[in-house]
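The next block is model.csv, given as CSV, C-alpha atoms.
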chain,number,residue,atom,x,y,z
A,1,MET,CA,133.1,97.4,80.7
A,2,GLY,CA,130.5,96.8,83.3
A,3,ARG,CA,128.7,93.7,84.2
A,4,MET,CA,125.8,92.4,82.2
A,5,THR,CA,122.9,91.4,84.4
A,6,PHE,CA,120.6,89.0,82.6
A,7,THR,CA,118.0,88.9,85.4
A,8,VAL,CA,116.7,91.8,83.3
A,9,ALA,CA,115.7,91.8,79.6
A,10,ALA,CA,117.7,94.7,78.3
A,11,VAL,CA,121.5,95.1,78.2
A,12,ALA,CA,123.8,97.2,76.1
A,13,LEU,CA,127.0,99.1,75.7
A,14,VAL,CA,127.8,102.7,74.9
A,15,VAL,CA,131.0,102.6,72.9
A,16,THR,CA,132.7,106.0,73.1
A,17,LEU,CA,133.9,107.2,69.7
A,18,PRO,CA,135.4,110.6,68.9
A,19,ALA,CA,133.5,112.8,66.5
A,20,THR,CA,136.2,112.2,63.9
A,21,ALA,CA,135.2,108.5,63.7
A,22,CYS,CA,132.2,109.6,61.6
A,23,VAL,CA,132.9,109.6,57.9
A,24,SER,CA,130.9,111.0,55.1
A,25,GLU,CA,128.8,108.5,53.0
A,26,ARG,CA,130.9,109.5,49.9
A,27,SER,CA,134.1,108.5,51.6
A,28,ARG,CA,133.0,105.0,52.8
A,29,VAL,CA,134.9,102.4,50.9
A,30,ALA,CA,134.9,98.9,52.2
A,31,VAL,CA,131.7,98.2,54.2
A,32,HIS,CA,128.7,100.2,53.3
A,33,ASP,CA,125.4,100.4,51.5
A,34,ALA,CA,127.1,102.6,48.8
A,35,GLY,CA,125.3,105.7,50.0
A,36,VAL,CA,121.9,104.3,48.8
A,37,PRO,CA,119.4,106.5,50.6
A,38,LEU,CA,116.7,104.8,52.7
A,39,GLU,CA,113.4,106.2,53.6
A,40,ARG,CA,113.8,108.5,56.6
A,41,SER,CA,111.6,107.8,59.5
A,42,SER,CA,109.4,110.3,61.2
A,43,GLY,CA,111.9,110.2,64.0
A,44,THR,CA,109.3,109.0,66.5
A,45,PRO,CA,110.2,105.5,67.8
A,46,ALA,CA,107.4,103.0,68.3
A,47,PRO,CA,106.2,102.6,71.9
A,48,GLU,CA,108.5,100.1,73.7
A,49,SER,CA,106.6,97.0,74.8
A,50,PRO,CA,107.7,95.7,78.2
A,51,ALA,CA,110.1,92.8,77.8
A,52,PRO,CA,109.9,89.9,80.2
A,53,ARG,CA,112.6,89.3,82.8
A,54,LEU,CA,114.8,86.4,82.0
A,55,ARG,CA,113.7,83.4,83.8
A,56,PRO,CA,116.4,81.0,85.1
A,57,GLU,CA,115.2,78.3,82.7
A,58,ALA,CA,115.6,80.7,79.8
A,59,ARG,CA,119.3,81.3,80.4
A,60,PRO,CA,121.9,79.7,78.0
A,61,GLU,CA,122.6,76.2,79.1
A,62,ALA,CA,124.9,75.8,82.0
A,63,ARG,CA,128.4,74.7,81.1
A,64,PRO,CA,131.7,74.6,82.9
A,65,GLU,CA,133.3,78.0,83.2
A,66,PRO,CA,135.4,78.6,80.1
A,67,GLU,CA,139.2,79.3,80.3
A,68,ALA,CA,140.1,82.8,81.2
A,69,ARG,CA,141.6,83.4,77.7
A,70,PRO,CA,139.5,81.6,75.1
A,71,ARG,CA,141.4,79.9,72.3
A,72,ARG,CA,141.9,81.9,69.1
A,73,TYR,CA,142.1,80.0,65.8
A,74,ALA,CA,143.6,80.5,62.4
A,75,VAL,CA,140.8,80.7,59.8
A,76,GLY,CA,139.9,78.6,56.8
A,77,LEU,CA,137.7,79.7,53.9
A,78,ARG,CA,135.7,77.8,51.2
A,79,GLU,CA,132.9,78.8,48.9
A,80,LEU,CA,129.5,77.1,48.4
A,81,ARG,CA,127.5,77.5,45.2
A,82,LEU,CA,124.0,77.4,46.6
A,83,ALA,CA,120.7,78.4,44.9
A,84,ARG,CA,117.1,78.8,46.2
A,85,GLY,CA,115.6,78.3,42.8
A,86,PRO,CA,117.0,79.1,39.3
A,87,ASP,CA,116.7,82.9,39.8
A,88,ARG,CA,118.1,83.0,43.4
A,89,PRO,CA,121.8,82.0,43.3
A,90,LEU,CA,123.3,82.3,46.7
A,91,ARG,CA,127.1,82.1,46.5
A,92,THR,CA,128.2,81.7,50.1
A,93,VAL,CA,131.6,82.2,51.6
A,94,LEU,CA,132.2,80.0,54.6
A,95,LEU,CA,134.8,80.9,57.3
A,96,TYR,CA,135.8,78.4,60.0
A,97,PRO,CA,138.4,77.6,62.6
A,98,ARG,CA,141.2,75.6,60.9
A,99,THR,CA,144.0,73.4,61.8
A,100,ALA,CA,147.2,75.4,61.5
A,101,PRO,CA,151.0,74.7,61.8
A,102,PRO,CA,152.7,76.2,64.8
A,103,ALA,CA,153.9,79.2,62.9
A,104,ALA,CA,150.3,80.2,62.0
A,105,GLU,CA,148.5,82.7,64.2
A,106,ALA,CA,145.0,83.9,64.8
A,107,GLY,CA,144.6,87.0,62.7
A,108,ASP,CA,146.4,85.6,59.7
A,109,PRO,CA,144.4,85.9,56.4
A,110,PRO,CA,142.0,83.1,55.8
A,111,LEU,CA,143.4,80.2,53.8
A,112,ARG,CA,141.2,78.5,51.2
A,113,ASN,CA,140.1,74.9,51.6
A,114,THR,CA,142.2,74.0,54.6
A,115,ARG,CA,141.4,71.4,57.2
A,116,PRO,CA,139.0,72.5,60.0
A,117,ALA,CA,140.2,72.4,63.6
A,118,ARG,CA,138.9,69.7,65.9
A,119,GLY,CA,135.7,70.4,67.7
A,120,ARG,CA,132.1,71.4,66.9
A,121,PHE,CA,131.5,75.1,66.4
A,122,PRO,CA,128.3,77.1,66.6
A,123,LEU,CA,127.0,78.6,63.3
A,124,VAL,CA,126.7,82.3,62.6
A,125,LEU,CA,124.9,83.6,59.4
A,126,PHE,CA,126.1,87.1,58.4
A,127,SER,CA,124.0,89.2,56.0
A,128,HIS,CA,125.6,92.1,54.0
A,129,GLY,CA,124.1,95.5,53.2
A,130,LEU,CA,123.0,97.0,49.9
A,131,HIS,CA,125.7,96.7,47.3
A,132,GLY,CA,127.7,94.7,49.8
A,133,SER,CA,129.5,91.3,49.3
A,134,PRO,CA,130.9,88.5,51.4
A,135,GLU,CA,134.4,89.8,50.6
A,136,ARG,CA,133.8,93.2,52.0
A,137,TYR,CA,132.9,91.8,55.3
A,138,THR,CA,135.4,88.9,55.4
A,139,PRO,CA,137.7,90.7,58.0
A,140,VAL,CA,134.8,91.1,60.3
A,141,ALA,CA,133.6,87.6,59.9
A,142,ALA,CA,137.1,86.2,60.2
A,143,ALA,CA,137.4,87.7,63.6
A,144,TRP,CA,134.4,85.7,64.7
A,145,ALA,CA,135.6,82.5,63.0
A,146,SER,CA,138.9,83.0,64.9
A,147,ALA,CA,136.8,83.1,68.1
A,148,GLY,CA,135.4,79.6,67.4
A,149,PHE,CA,132.4,80.0,65.1
A,150,VAL,CA,131.6,78.8,61.6
A,151,VAL,CA,130.4,82.0,59.8
A,152,ALA,CA,128.4,81.8,56.5
A,153,LEU,CA,128.2,84.9,54.3
A,154,PRO,CA,125.8,84.7,51.4
A,155,ALA,CA,125.8,87.1,48.5
A,156,TYR,CA,122.1,88.0,48.0
A,157,PRO,CA,121.1,87.7,44.3
A,158,HIS,CA,119.7,91.1,43.6
A,159,THR,CA,121.2,93.5,46.2
A,160,SER,CA,124.9,92.4,46.3
A,161,ALA,CA,127.7,94.2,44.6
A,162,GLY,CA,127.5,93.7,40.8
A,163,ALA,CA,124.0,92.1,41.0
A,164,ARG,CA,122.2,92.0,37.6
A,165,PRO,CA,119.5,93.1,37.8
A,166,TYR,CA,119.9,95.1,41.0
A,167,ARG,CA,116.6,95.4,42.8
A,168,ARG,CA,116.6,97.1,46.3
A,169,ALA,CA,113.0,95.9,46.9
A,170,ASP,CA,114.3,92.3,46.7
A,171,ILE,CA,115.3,92.6,50.4
A,172,VAL,CA,111.9,91.3,51.3
A,173,HIS,CA,112.9,87.9,49.9
A,174,GLN,CA,116.3,87.8,51.7
A,175,PRO,CA,115.1,86.4,55.1
A,176,ALA,CA,114.0,83.2,53.3
A,177,ASP,CA,117.3,83.1,51.5
A,178,ALA,CA,119.1,83.4,54.8
A,179,ALA,CA,117.1,80.6,56.3
A,180,TYR,CA,117.8,78.4,53.3
A,181,VAL,CA,121.6,79.1,53.7
A,182,ILE,CA,121.5,78.2,57.4
A,183,ALA,CA,119.7,74.9,56.5
A,184,GLN,CA,122.2,74.0,53.8
A,185,VAL,CA,125.3,74.8,55.9
A,186,ARG,CA,123.8,72.7,58.8
A,187,ARG,CA,123.6,69.7,56.4
A,188,LEU,CA,127.4,69.8,55.9
A,189,ASP,CA,127.8,68.5,59.5
A,190,THR,CA,126.3,65.2,58.6
A,191,ARG,CA,127.3,64.9,54.9
A,192,ARG,CA,129.6,62.0,54.3
A,193,GLY,CA,133.0,63.1,53.0
A,194,ASP,CA,132.5,66.8,53.7
A,195,PRO,CA,135.5,68.4,55.4
A,196,LEU,CA,133.1,70.1,57.9
A,197,ARG,CA,131.4,66.9,58.8
A,198,GLY,CA,131.1,66.7,62.6
A,199,ARG,CA,132.4,70.3,62.9
A,200,ILE,CA,129.2,72.4,62.9
A,201,ASP,CA,127.0,72.6,65.9
A,202,GLY,CA,123.7,73.2,64.1
A,203,ASP,CA,121.7,73.4,67.4
A,204,ARG,CA,123.4,76.7,68.3
A,205,VAL,CA,122.8,79.3,65.6
A,206,ALA,CA,122.9,83.1,65.5
A,207,ALA,CA,122.3,85.7,62.7
A,208,VAL,CA,124.1,89.0,62.3
A,209,GLY,CA,123.5,91.6,59.7
A,210,HIS,CA,124.6,95.1,58.7
A,211,SER,CA,122.1,97.7,57.3
A,212,ALA,CA,119.8,96.0,54.9
A,213,GLY,CA,121.4,92.8,56.2
A,214,GLY,CA,120.1,93.9,59.6
A,215,TYR,CA,116.6,94.1,58.1
A,216,THR,CA,117.3,90.6,56.7
A,217,THR,CA,118.4,89.4,60.2
A,218,THR,CA,115.2,90.6,61.9
A,219,GLY,CA,113.2,88.9,59.2
A,220,LEU,CA,114.5,85.5,60.3
A,221,PHE,CA,112.8,85.9,63.7
A,222,THR,CA,109.2,85.6,62.6
A,223,ALA,CA,106.4,83.2,63.7
A,224,GLY,CA,107.5,79.6,63.4
A,225,HIS,CA,111.2,80.3,63.1
A,226,ASP,CA,113.5,77.5,64.1
A,227,ALA,CA,114.1,77.5,67.9
A,228,ARG,CA,117.8,76.6,67.2
A,229,LEU,CA,118.2,80.2,66.0
A,230,ARG,CA,119.0,81.5,69.4
A,231,ALA,CA,120.4,85.0,68.9
A,232,GLY,CA,120.5,87.9,66.5
A,233,ALA,CA,122.6,91.0,66.2
A,234,VAL,CA,121.3,93.9,64.1
A,235,LEU,CA,124.0,96.4,63.1
A,236,ALA,CA,122.6,99.8,61.8
A,237,GLY,CA,119.5,98.0,60.6
A,238,TRP,CA,115.7,98.2,60.9
A,239,GLN,CA,112.8,95.9,61.2
A,240,ALA,CA,111.3,93.6,58.6
A,241,PRO,CA,107.5,92.9,58.5
A,242,GLY,CA,106.4,90.3,60.9
A,243,ALA,CA,109.7,90.2,62.8
A,244,PHE,CA,110.0,89.3,66.5
A,245,ALA,CA,107.5,86.5,66.8
A,246,GLY,CA,107.8,82.8,67.6
A,247,PRO,CA,110.4,81.2,69.9
A,248,SER,CA,112.3,83.6,72.2
A,249,ALA,CA,115.8,84.7,71.1
A,250,THR,CA,118.3,87.2,72.6
A,251,MET,CA,118.7,90.3,70.4
A,252,LEU,CA,121.5,92.8,70.2
A,253,PHE,CA,121.1,96.2,68.4
A,254,LEU,CA,124.1,98.3,67.5
A,255,HIS,CA,123.7,101.8,65.9
A,256,GLY,CA,125.6,105.0,65.4
A,257,ASP,CA,123.8,108.1,66.5
A,258,ALA,CA,125.2,110.1,63.5
A,259,ASP,CA,124.0,107.5,60.9
A,260,PRO,CA,122.8,109.5,57.8
A,261,VAL,CA,121.6,106.3,56.0
A,262,VAL,CA,119.5,104.5,58.5
A,263,PRO,CA,118.6,107.0,61.3
A,264,ILE,CA,119.1,105.7,64.8
A,265,ALA,CA,115.3,106.2,65.4
A,266,ARG,CA,114.6,103.2,63.1
A,267,GLY,CA,116.9,101.0,65.1
A,268,ARG,CA,115.3,102.1,68.4
A,269,ALA,CA,111.9,101.5,66.9
A,270,ALA,CA,112.8,97.9,66.1
A,271,PHE,CA,114.4,97.4,69.5
A,272,GLY,CA,111.2,98.7,71.1
A,273,ARG,CA,109.1,95.9,69.4
A,274,VAL,CA,111.3,93.0,70.6
A,275,PRO,CA,109.4,91.1,73.4
A,276,TRP,CA,112.5,89.0,74.3
A,277,PRO,CA,115.8,89.7,76.1
A,278,LYS,CA,117.5,92.5,74.2
A,279,SER,CA,120.3,95.0,74.2
A,280,PHE,CA,120.8,98.4,72.4
A,281,VAL,CA,124.3,99.6,71.7
A,282,ARG,CA,124.6,103.3,70.9
A,283,LEU,CA,127.8,104.5,69.1
A,284,PRO,CA,128.2,108.2,69.8
A,285,GLY,CA,129.3,110.1,66.7
A,286,ALA,CA,129.5,107.0,64.5
A,287,SER,CA,128.2,106.9,61.0
A,288,HIS,CA,126.6,104.0,59.1
A,289,GLY,CA,129.4,101.5,58.7
A,290,HIS,CA,132.7,103.1,59.9
A,291,PHE,CA,132.8,100.9,63.0
A,292,LEU,CA,133.1,97.8,60.7
A,293,LEU,CA,136.2,99.0,58.9
A,294,PRO,CA,139.4,97.3,60.3
A,295,GLY,CA,141.8,99.9,61.6
A,296,LYS,CA,139.2,102.5,62.2
A,297,ARG,CA,138.2,103.9,65.6
A,298,GLY,CA,135.6,101.7,67.3
A,299,TYR,CA,136.2,98.6,65.2
A,300,PRO,CA,138.0,96.6,68.0
A,301,GLN,CA,135.3,97.4,70.5
A,302,VAL,CA,132.5,96.4,68.2
A,303,ILE,CA,134.2,93.2,67.2
A,304,ALA,CA,134.8,92.3,70.9
A,305,LEU,CA,131.3,93.2,71.8
A,306,VAL,CA,129.7,91.0,69.2
A,307,THR,CA,132.1,88.2,69.9
A,308,ASP,CA,131.2,88.3,73.6
A,309,PHE,CA,127.5,88.4,72.7
A,310,LEU,CA,127.9,85.3,70.5
A,311,ARG,CA,130.0,83.4,73.1
A,312,TRP,CA,127.4,84.2,75.8
A,313,THR,CA,124.3,83.3,73.8
A,314,LEU,CA,125.7,80.3,71.9
A,315,THR,CA,128.2,78.7,74.2
A,316,GLY,CA,127.0,79.8,77.7
A,317,ASP,CA,130.3,81.6,78.3
A,318,GLN,CA,129.4,83.5,81.5
A,319,ARG,CA,132.7,85.5,81.6
A,320,ALA,CA,131.7,86.9,78.2
A,321,GLY,CA,128.3,87.8,79.5
A,322,ARG,CA,129.8,89.6,82.5
A,323,ARG,CA,131.8,91.8,80.2
A,324,LEU,CA,128.6,93.2,78.7
A,325,PRO,CA,127.2,96.2,80.6
A,326,PRO,CA,123.7,97.5,81.5
A,327,SER,CA,121.3,98.8,78.9
A,328,ASP,CA,121.6,102.2,77.1
A,329,LEU,CA,117.8,101.9,76.5
A,330,PRO,CA,116.2,100.3,79.5
A,331,VAL,CA,112.7,99.0,79.1
A,332,PRO,CA,109.8,99.4,81.6
A,333,GLY,CA,110.1,97.1,84.6
A,334,THR,CA,113.8,96.4,84.3
A,335,MET,CA,116.9,97.7,86.0
A,336,GLY,CA,117.6,101.2,85.2
A,337,ALA,CA,114.1,102.0,83.8

Would you give me this structure, written as structure tokens?
Amino acid sequence: MGRMTFTVAAVALVVTLPATACVSERSRVAVHDAGVPLERSSGTPAPESPAPRLRPEARPEARPEPEARPRRYAVGLRELRLARGPDRPLRTVLLYPRTAPPAAEAGDPPLRNTRPARGRFPLVLFSHGLHGSPERYTPVAAAWASAGFVVALPAYPHTSAGARPYRRADIVHQPADAAYVIAQVRRLDTRRGDPLRGRIDGDRVAAVGHSAGGYTTTGLFTAGHDARLRAGAVLAGWQAPGAFAGPSATMLFLHGDADPVVPIARGRAAFGRVPWPKSFVRLPGASHGHFLLPGKRGYPQVIALVTDFLRWTLTGDQRAGRRLPPSDLPVPGTMGA
């Protein structure tokens, strides 16, 4: 991959996938929105507002150059029974780097209730799509936990698999649910007796979401959002009302150009409204969630891309930043426009 140049506001990657990587909505099994149709856009993206060049003081905080091969961790898992009110239960799966015996390896299945590894790890909130669940996205989130992040995956009360009642329109309430989960997980870092006490770096937070979870992710970045929420990655998603206001945050968009559920024009329209440093990743021939299925074409590249994005934005890993290439959708006034 080419070098990311963050003296400009837009950066991205075109991941080359063969046409066979696109699967029909009926054949999607593990990570999907169960083929629930979304409103089709008119196909006309909103005008792209010029995004500012990254000022030196806006860069991630300078740190010593990380080792050439960052450490990979075995992963632990626990569940939190959270609730934002009596009608908004938020069961949350938490994945984290764990202490492991010498025989254990990164990539092993997560083990429940094992001791966290030493160190303090940035927090990542992952939001599932319609009819999704934390379990369906556990392999994806475990890859990021193995890279040195604590990853929280809430099950949203009225759009997750098996939700009773199921209400698609409830996604408008999910950004507030996501913010609540972030706040509750942050508190574990200072809670006496909690296994994760002293292990969560709550000053360095990112949000990632797929499909309706991408919508949820954009809804976290509204006026007055916590400045500790530094980065967001929107995977095959679209924009929530009021998104992209408040403190600046670096945004990554990833979208298949053969997506029959959320047309790529909707992702581009959301990207065009971001006034901050941003990136658009186009996946040629890719469908709605195929690239999030372990073992499928494009999965390793997408996991590596998002991992590098998280390392760059949350830990200041400049090597990870240099692995990210110039933008597929340059904006006016930036390199490549």

Selected residue, from A:His173, A:Arg191, A:Arg311, A:His128, that lies nearest to Ala147 of chain A when counting all atoms listed in the file:
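Smallest separation from Ala147 of chain A among the options: A:Arg311.
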
Taking 3 positions as the minimum chain separation for residues in the same chain, which residues sit within 6 Å of Gly132 of chain A when counting only C-alpha atoms? Answer as an NGL selection string.
:A and (128-129 or 160-161)

Could those residues be written to a file, using C-alpha atoms, as a JSON list (two decimals), keeping the file's coordinate frame?
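Heads up, here's the output in out06.json:
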[["chain", "number", "residue", "atom", "x", "y", "z"],
["A", 128, "HIS", "CA", 125.60, 92.10, 54.00],
["A", 129, "GLY", "CA", 124.10, 95.50, 53.20],
["A", 160, "SER", "CA", 124.90, 92.40, 46.30],
["A", 161, "ALA", "CA", 127.70, 94.20, 44.60]]

In Å, with one decimal, what is the gap from atom CA of Asp170 of chain A to atom CA of Leu82 of chain A?
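Separation between atom CA of Asp170 of chain A and atom CA of Leu82 of chain A: 17.8 Å.
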
Of the residues A:Gln239, A:Ser146, A:Ser133, A:Thr114, which is the one nearest to Pro175 of chain A, using only C-alpha atoms?
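Among the listed residues, the smallest separation from Pro175 of chain A belongs to A:Gln239.
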
For Gly295 of chain A, which residue out of A:Val140, A:Arg192, A:Asp328, A:Phe253 is the nearest one, using all atoms listed in the file?
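Smallest separation from Gly295 of chain A among the options: A:Val140.
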
Can you tell me, as an MDAnalysis selection string, what residues are no more than 8 Å from Asp177 of chain A when counting only C-alpha atoms, ignoring any on the same chain fewer than 4 positions away?
chainID A and resid 84 90 156 173 181

So how far away is atom CA of Ala304 of chain A from atom CA of Val208 of chain A, in Å?
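Those two atoms sit 14.1 Å apart.
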
From (143.5, 82.7, 62.2), in the file's coordinates, out to 7 Å: which residues are reached, counting all atoms listed in the file? Answer as a PyMOL selection string.
chain A and resi 73-75+105-110+146

For the residues in the current selection, export C-alpha atoms as a PDB file, keeping the file's coordinate frame.
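Contents of out23.pdb, freshly written:
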ATOM      1  CA  TYR A  73     142.100  80.000  65.800  1.00  0.00           C
ATOM      2  CA  ALA A  74     143.600  80.500  62.400  1.00  0.00           C
ATOM      3  CA  VAL A  75     140.800  80.700  59.800  1.00  0.00           C
ATOM      4  CA  GLU A 105     148.500  82.700  64.200  1.00  0.00           C
ATOM      5  CA  ALA A 106     145.000  83.900  64.800  1.00  0.00           C
ATOM      6  CA  GLY A 107     144.600  87.000  62.700  1.00  0.00           C
ATOM      7  CA  ASP A 108     146.400  85.600  59.700  1.00  0.00           C
ATOM      8  CA  PRO A 109     144.400  85.900  56.400  1.00  0.00           C
ATOM      9  CA  PRO A 110     142.000  83.100  55.800  1.00  0.00           C
ATOM     10  CA  SER A 146     138.900  83.000  64.900  1.00  0.00           C
TER      11      SER A 146
END

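For Leu229 of chain A, the set of protein, DNA and RNA residues having any atom at most 7 Å away, when counting only C-alpha atoms and skipping those fewer than 6 positions along the same chain, is Arg204, Val205 and Ala206 of chain A.
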
With C-alpha atoms kept, could you save the residues just selected as a PDB file, in the coordinates of the input?
ATOM      1  CA  ARG A 204     123.400  76.700  68.300  1.00  0.00           C
ATOM      2  CA  VAL A 205     122.800  79.300  65.600  1.00  0.00           C
ATOM      3  CA  ALA A 206     122.900  83.100  65.500  1.00  0.00           C
TER       4      ALA A 206
END

Would you mind reading off the distance between atom CA of Val124 of chain A and atom CA of Ile264 of chain A, one decimal, in Å?
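Interatomic distance, atom CA of Val124 of chain A to atom CA of Ile264 of chain A: 24.7 Å.
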